[in-house]
Amino acid sequence: MKAFAYVNPANEKEAVAALKTDGIAMVLGGGQDLLARMKDYIDSPDRIVNVKGLDATVTATPDGGLKIGSAVTIVDLAEHAQVAAMYPAISAAAIEVGTPQIRNQGTVGGNVNQRPRCWYFRNEEFVCYKKGGSRCFAVNGENQYHAIFGNDGPSHIVHPSSLAVPFVAYGARFRVLGPNGEREVAAADYFTMPTLQNVLKENVLDDEEILTHVILPAPGNVKHGHYEVRYKQSHDWPLAFSTVVLAMNGNTIRSARVVLGAVAPLPWRSRPAEEALAGKPLNEATAALAGEAAVSEAKPMSGNVYKMQIAKTAVKRAIMRAAGLKTV
């Protein structure tokens with residue numbers, strides 16, 4: 001591992017200032033992602049800026065929502081009583097992350113901003129688009145865990161964050177701080193598709209900006225559901241998962257947000273599924289129709305056609321959980 005400078009800022013402004021350097025500076029949260037990339041020679045920063053000292057609290061906002069500091073650990077988020085009462089899909093996603101050790105070490109900001117888990121990206125021998133190369137090896141290679149939506153390329157990664165999906169579903173805003181001050185970005189606009197002009201990044205953060213808070217609006221009269229599909233229940237990455245947030249009028253769905261994870265280069269909002277739910281009664285039949293609609297625009301690769309079925313199942317069962325119906 002290349003030698004690097006280590007900066008331990010006292011506050012968020014010092015953290016931003018420490019990112020200004022002639023070399024490469026990167027932030028360190030729980031270290032689950034960055035340290036692994038450094039050991040695998042994917043990244044070799046000149047300076048590491050520790051951001052574990054940033055805000056690690058969950059506080060109420062004036063409009064009845066919650067403000068979550070980026071340094072809150074995943075286990076603290078999963079076990080927070082207000083989060084569980086107001087945004088149960090976030091608690092459900094948090095408790096599914098990794099293992100107890102990872103949840104105790106990892107942070108909200110780190111989970112949201114982690115880099116892709118594609119095995120070609122993580123292998124130093126493959127210089128793919130994400131590392132400045134000129135090809136995506138998954139196109140003609142092993143792509144069973146890659147995208148089935150947003151598949152126009154050039155990269156076919158899936159976004160790895162578990163928390164980003166419910167954050168988008170609940171309409172969260174992300175507070176970002178940089179040398180020019182602070183700004184707020186809608187969670188749905190924070191993540192970026194891998195175009196040729198932007199293939200090296202997954203979000204809108206500039207090099208000297210940090211994510212400081214996730215701001216959640218008051219949930220209102222909604223029902224919530226979250227469902228993940230994975231090979232095994234122990235430490236494993238989801239193959240597909242979904243969060244649904246349903247605004248209700250009695251037992252009729254007035255409007256819906258349906259967001260899928262592990263199926264696209266960003267948290268994927270399914271407009272066809274949302275349209276299939278609007279104005280319908282909340283029951284198993286409606287859930288099944290929405291699941292079918294959710295995959296109507298999928299474009300699977302050679303090895304991941306199976307993801308269409310499990311994405312459909314994830315949407316259907318997330319809706320059934322929102323309805324309080326039993327899922328297998």
# chains A, B, ... in the order shown; residues from 1 in each chain; ligands from 1
>>> select_by_dssp(residues="stretch 63-252 of chain A", states="alpha helix (DSSP H)", output="NGL selection string")
:A and (74-78 or 81-86 or 88-95 or 100-105 or 108-113 or 164-169 or 187-190)
>>> closest_atom_pairs(of="stretch 134-252 of chain A", to="stretch 305-319 of chain A", cutoff="6 Å", atoms="only C-alpha atoms", output="CSV")
residue,atom,partner,partner_atom,distance
A:Gly225,CA,A:Ala318,CA,4.5
A:His226,CA,A:Ala318,CA,4.7
A:Tyr227,CA,A:Ala318,CA,4.9
A:Ala240,CA,A:Ala311,CA,5.4
A:Phe241,CA,A:Ala314,CA,5.3
A:Ser242,CA,A:Val315,CA,5.5
>>> write_last_selection(atoms="N, CA and C atoms", output="CSV table (one decimal), in the first residue's frame")
chain,number,residue,atom,x,y,z
A,225,GLY,N,-43.0,-0.5,2.6
A,225,GLY,CA,-42.6,-1.9,2.5
A,225,GLY,C,-41.2,-2.0,2.0
A,226,HIS,N,-40.5,-3.0,2.4
A,226,HIS,CA,-39.1,-3.3,1.9
A,226,HIS,C,-38.9,-4.8,1.9
A,227,TYR,N,-38.3,-5.2,0.7
A,227,TYR,CA,-38.1,-6.7,0.6
A,227,TYR,C,-36.8,-6.9,-0.2
A,240,ALA,N,-31.5,-8.5,-5.8
A,240,ALA,CA,-32.5,-7.4,-6.2
A,240,ALA,C,-33.3,-7.1,-4.9
A,241,PHE,N,-33.7,-5.9,-4.8
A,241,PHE,CA,-34.5,-5.5,-3.6
A,241,PHE,C,-35.4,-4.3,-4.0
A,242,SER,N,-36.4,-4.0,-3.1
A,242,SER,CA,-37.2,-2.9,-3.4
A,242,SER,C,-37.8,-2.3,-2.2
>>> residues_around(residues="stretch 191-208 of chain A", least_positions_apart="4", cutoff="8 Å", atoms="only C-alpha atoms", output="ChimeraX atom specification")
/A:16-17,19-20,113,115,129-132,150,153-155,176,178-179,187,265-267
>>> write_last_selection(atoms="C-alpha atoms", output="tab-separated table (two decimals), in the first residue's frame")
chain	number	residue	atom	x	y	z
A	16	VAL	CA	-13.56	20.13	3.48
A	17	ALA	CA	-10.39	22.20	3.78
A	19	LEU	CA	-9.59	17.69	0.86
A	20	LYS	CA	-7.82	20.51	-0.99
A	113	ASN	CA	-21.11	6.73	-1.29
A	115	ARG	CA	-18.03	2.40	-5.02
A	129	TYR	CA	-14.35	2.17	-17.87
A	130	LYS	CA	-14.67	2.87	-14.14
A	131	LYS	CA	-10.87	2.94	-13.86
A	132	GLY	CA	-10.20	5.01	-16.96
A	150	GLY	CA	-30.23	1.66	-17.39
A	153	GLY	CA	-23.68	1.68	-20.98
A	154	PRO	CA	-20.88	2.23	-21.21
A	155	SER	CA	-20.65	0.66	-17.73
A	176	VAL	CA	-23.49	18.56	0.79
A	178	GLY	CA	-17.79	22.11	-0.10
A	179	PRO	CA	-15.38	25.05	-0.37
A	187	ALA	CA	-31.60	11.93	-3.19
A	265	PRO	CA	-26.28	1.83	-11.92
A	266	LEU	CA	-28.34	3.93	-9.48
A	267	PRO	CA	-31.38	3.40	-7.24
>>> residues_around(residues="stretch 67-73 of chain A", least_positions_apart="6", cutoff="8 Å", atoms="only C-alpha atoms", output="NGL selection string")
:A and (29 or 51-61 or 103-110 or 211-216)
>>> residues_around(residues="A:Pro9", least_positions_apart="5", cutoff="7 Å", atoms="only C-alpha atoms", output="count of residues only")
3
>>> decode(residues="stretch 34-179 of chain A", atoms="C-alpha atoms", output="tab-separated table (two decimals), in the first residue's frame")
chain	number	residue	atom	x	y	z
A	34	LEU	CA	-11.90	2.58	0.95
A	35	LEU	CA	-9.42	0.39	2.81
A	36	ALA	CA	-10.41	-2.63	0.74
A	37	ARG	CA	-9.89	-0.66	-2.47
A	38	MET	CA	-6.50	0.52	-1.27
A	39	LYS	CA	-5.37	-2.98	-0.37
A	40	ASP	CA	-6.47	-4.18	-3.81
A	41	TYR	CA	-4.59	-1.29	-5.51
A	42	ILE	CA	-7.78	0.16	-6.95
A	43	ASP	CA	-7.15	3.51	-5.22
A	44	SER	CA	-3.89	5.01	-3.97
A	45	PRO	CA	-4.69	8.33	-2.28
A	46	ASP	CA	-2.02	10.78	-1.17
A	47	ARG	CA	-4.17	11.96	1.73
A	48	ILE	CA	-6.95	10.35	3.76
A	49	VAL	CA	-9.38	12.60	5.59
A	50	ASN	CA	-11.15	10.93	8.51
A	51	VAL	CA	-14.81	11.97	8.62
A	52	LYS	CA	-15.91	9.70	11.46
A	53	GLY	CA	-15.97	12.81	13.65
A	54	LEU	CA	-18.78	14.45	11.66
A	55	ASP	CA	-22.33	14.63	12.97
A	56	ALA	CA	-23.42	11.23	14.26
A	57	THR	CA	-26.87	12.20	15.56
A	58	VAL	CA	-30.48	11.78	14.44
A	59	THR	CA	-32.54	14.90	15.17
A	60	ALA	CA	-36.05	16.12	14.43
A	61	THR	CA	-36.57	18.80	11.78
A	62	PRO	CA	-39.08	21.68	12.05
A	63	ASP	CA	-41.33	20.14	9.38
A	64	GLY	CA	-41.71	16.87	11.29
A	65	GLY	CA	-39.01	14.88	9.54
A	66	LEU	CA	-35.59	13.67	10.65
A	67	LYS	CA	-32.02	14.80	9.97
A	68	ILE	CA	-29.45	12.02	9.97
A	69	GLY	CA	-25.75	12.77	10.29
A	70	SER	CA	-23.52	11.02	7.76
A	71	ALA	CA	-21.36	9.59	10.57
A	72	VAL	CA	-24.28	7.73	12.17
A	73	THR	CA	-23.37	4.06	12.20
A	74	ILE	CA	-25.60	1.64	10.37
A	75	VAL	CA	-26.41	-0.25	13.57
A	76	ASP	CA	-27.46	2.98	15.30
A	77	LEU	CA	-29.69	3.81	12.35
A	78	ALA	CA	-31.21	0.32	12.36
A	79	GLU	CA	-31.96	0.50	16.09
A	80	HIS	CA	-33.16	4.12	16.28
A	81	ALA	CA	-36.72	4.17	17.62
A	82	GLN	CA	-37.87	7.28	15.72
A	83	VAL	CA	-36.46	6.02	12.43
A	84	ALA	CA	-38.21	2.68	12.92
A	85	ALA	CA	-41.53	4.35	13.77
A	86	MET	CA	-41.48	6.95	10.98
A	87	TYR	CA	-39.47	5.26	8.22
A	88	PRO	CA	-39.59	1.50	8.82
A	89	ALA	CA	-38.20	0.68	5.36
A	90	ILE	CA	-34.95	2.44	6.30
A	91	SER	CA	-34.64	0.34	9.46
A	92	ALA	CA	-35.40	-2.79	7.44
A	93	ALA	CA	-32.70	-1.95	4.90
A	94	ALA	CA	-30.13	-1.02	7.56
A	95	ILE	CA	-30.49	-4.26	9.51
A	96	GLU	CA	-29.87	-6.24	6.30
A	97	VAL	CA	-26.49	-4.61	5.65
A	98	GLY	CA	-23.49	-6.93	5.99
A	99	THR	CA	-22.81	-8.51	9.38
A	100	PRO	CA	-23.06	-7.11	12.94
A	101	GLN	CA	-19.37	-6.17	12.73
A	102	ILE	CA	-19.88	-4.24	9.49
A	103	ARG	CA	-23.03	-2.53	10.79
A	104	ASN	CA	-21.19	-1.40	13.92
A	105	GLN	CA	-18.31	0.05	11.88
A	106	GLY	CA	-19.97	1.28	8.68
A	107	THR	CA	-21.63	4.69	8.44
A	108	VAL	CA	-24.61	6.15	6.62
A	109	GLY	CA	-22.38	8.34	4.46
A	110	GLY	CA	-20.08	5.47	3.65
A	111	ASN	CA	-22.92	3.19	2.64
A	112	VAL	CA	-24.42	5.81	0.35
A	113	ASN	CA	-21.11	6.73	-1.29
A	114	GLN	CA	-19.44	3.32	-1.63
A	115	ARG	CA	-18.03	2.40	-5.02
A	116	PRO	CA	-19.34	-0.43	-7.25
A	117	ARG	CA	-18.83	-4.02	-6.16
A	118	CYS	CA	-18.37	-5.30	-9.74
A	119	TRP	CA	-15.66	-7.95	-9.71
A	120	TYR	CA	-13.98	-6.46	-12.79
A	121	PHE	CA	-13.78	-3.04	-11.12
A	122	ARG	CA	-12.44	-4.61	-7.91
A	123	ASN	CA	-9.73	-6.59	-9.71
A	124	GLU	CA	-6.59	-4.57	-10.44
A	125	GLU	CA	-5.91	-6.61	-13.58
A	126	PHE	CA	-9.01	-5.27	-15.39
A	127	VAL	CA	-8.78	-1.63	-16.48
A	128	CYS	CA	-12.46	-1.03	-17.11
A	129	TYR	CA	-14.35	2.17	-17.87
A	130	LYS	CA	-14.67	2.87	-14.14
A	131	LYS	CA	-10.87	2.94	-13.86
A	132	GLY	CA	-10.20	5.01	-16.96
A	133	GLY	CA	-10.17	2.13	-19.46
A	134	SER	CA	-12.05	1.77	-22.72
A	135	ARG	CA	-14.36	-1.20	-22.17
A	136	CYS	CA	-16.80	-2.84	-19.78
A	137	PHE	CA	-15.66	-6.43	-19.35
A	138	ALA	CA	-19.12	-7.49	-18.18
A	139	VAL	CA	-20.61	-7.05	-21.65
A	140	ASN	CA	-19.02	-10.24	-22.97
A	141	GLY	CA	-17.94	-11.64	-19.60
A	142	GLU	CA	-19.55	-12.79	-16.37
A	143	ASN	CA	-22.49	-10.45	-15.89
A	144	GLN	CA	-24.89	-12.42	-13.71
A	145	TYR	CA	-24.87	-9.71	-11.01
A	146	HIS	CA	-24.94	-6.72	-13.32
A	147	ALA	CA	-27.66	-4.28	-14.41
A	148	ILE	CA	-30.99	-5.06	-16.05
A	149	PHE	CA	-32.10	-1.39	-16.14
A	150	GLY	CA	-30.23	1.66	-17.39
A	151	ASN	CA	-28.27	-0.67	-19.63
A	152	ASP	CA	-27.23	1.80	-22.31
A	153	GLY	CA	-23.68	1.68	-20.98
A	154	PRO	CA	-20.88	2.23	-21.21
A	155	SER	CA	-20.65	0.66	-17.73
A	156	HIS	CA	-23.15	-1.93	-16.51
A	157	ILE	CA	-22.54	-1.82	-12.76
A	158	VAL	CA	-25.30	-1.95	-10.15
A	159	HIS	CA	-25.34	0.59	-7.36
A	160	PRO	CA	-24.19	-1.10	-4.14
A	161	SER	CA	-25.91	1.02	-1.47
A	162	SER	CA	-28.70	-0.55	0.57
A	163	LEU	CA	-29.70	2.72	2.25
A	164	ALA	CA	-29.85	4.81	-0.92
A	165	VAL	CA	-32.96	2.95	-2.13
A	166	PRO	CA	-35.25	3.81	0.82
A	167	PHE	CA	-33.76	7.32	0.98
A	168	VAL	CA	-34.90	7.89	-2.61
A	169	ALA	CA	-38.27	6.27	-1.91
A	170	TYR	CA	-38.94	8.58	1.03
A	171	GLY	CA	-37.94	11.68	-0.95
A	172	ALA	CA	-34.85	12.48	1.13
A	173	ARG	CA	-32.52	15.40	0.50
A	174	PHE	CA	-28.75	15.20	0.94
A	175	ARG	CA	-26.84	18.12	2.49
A	176	VAL	CA	-23.49	18.56	0.79
A	177	LEU	CA	-20.69	20.85	1.97
A	178	GLY	CA	-17.79	22.11	-0.10
A	179	PRO	CA	-15.38	25.05	-0.37
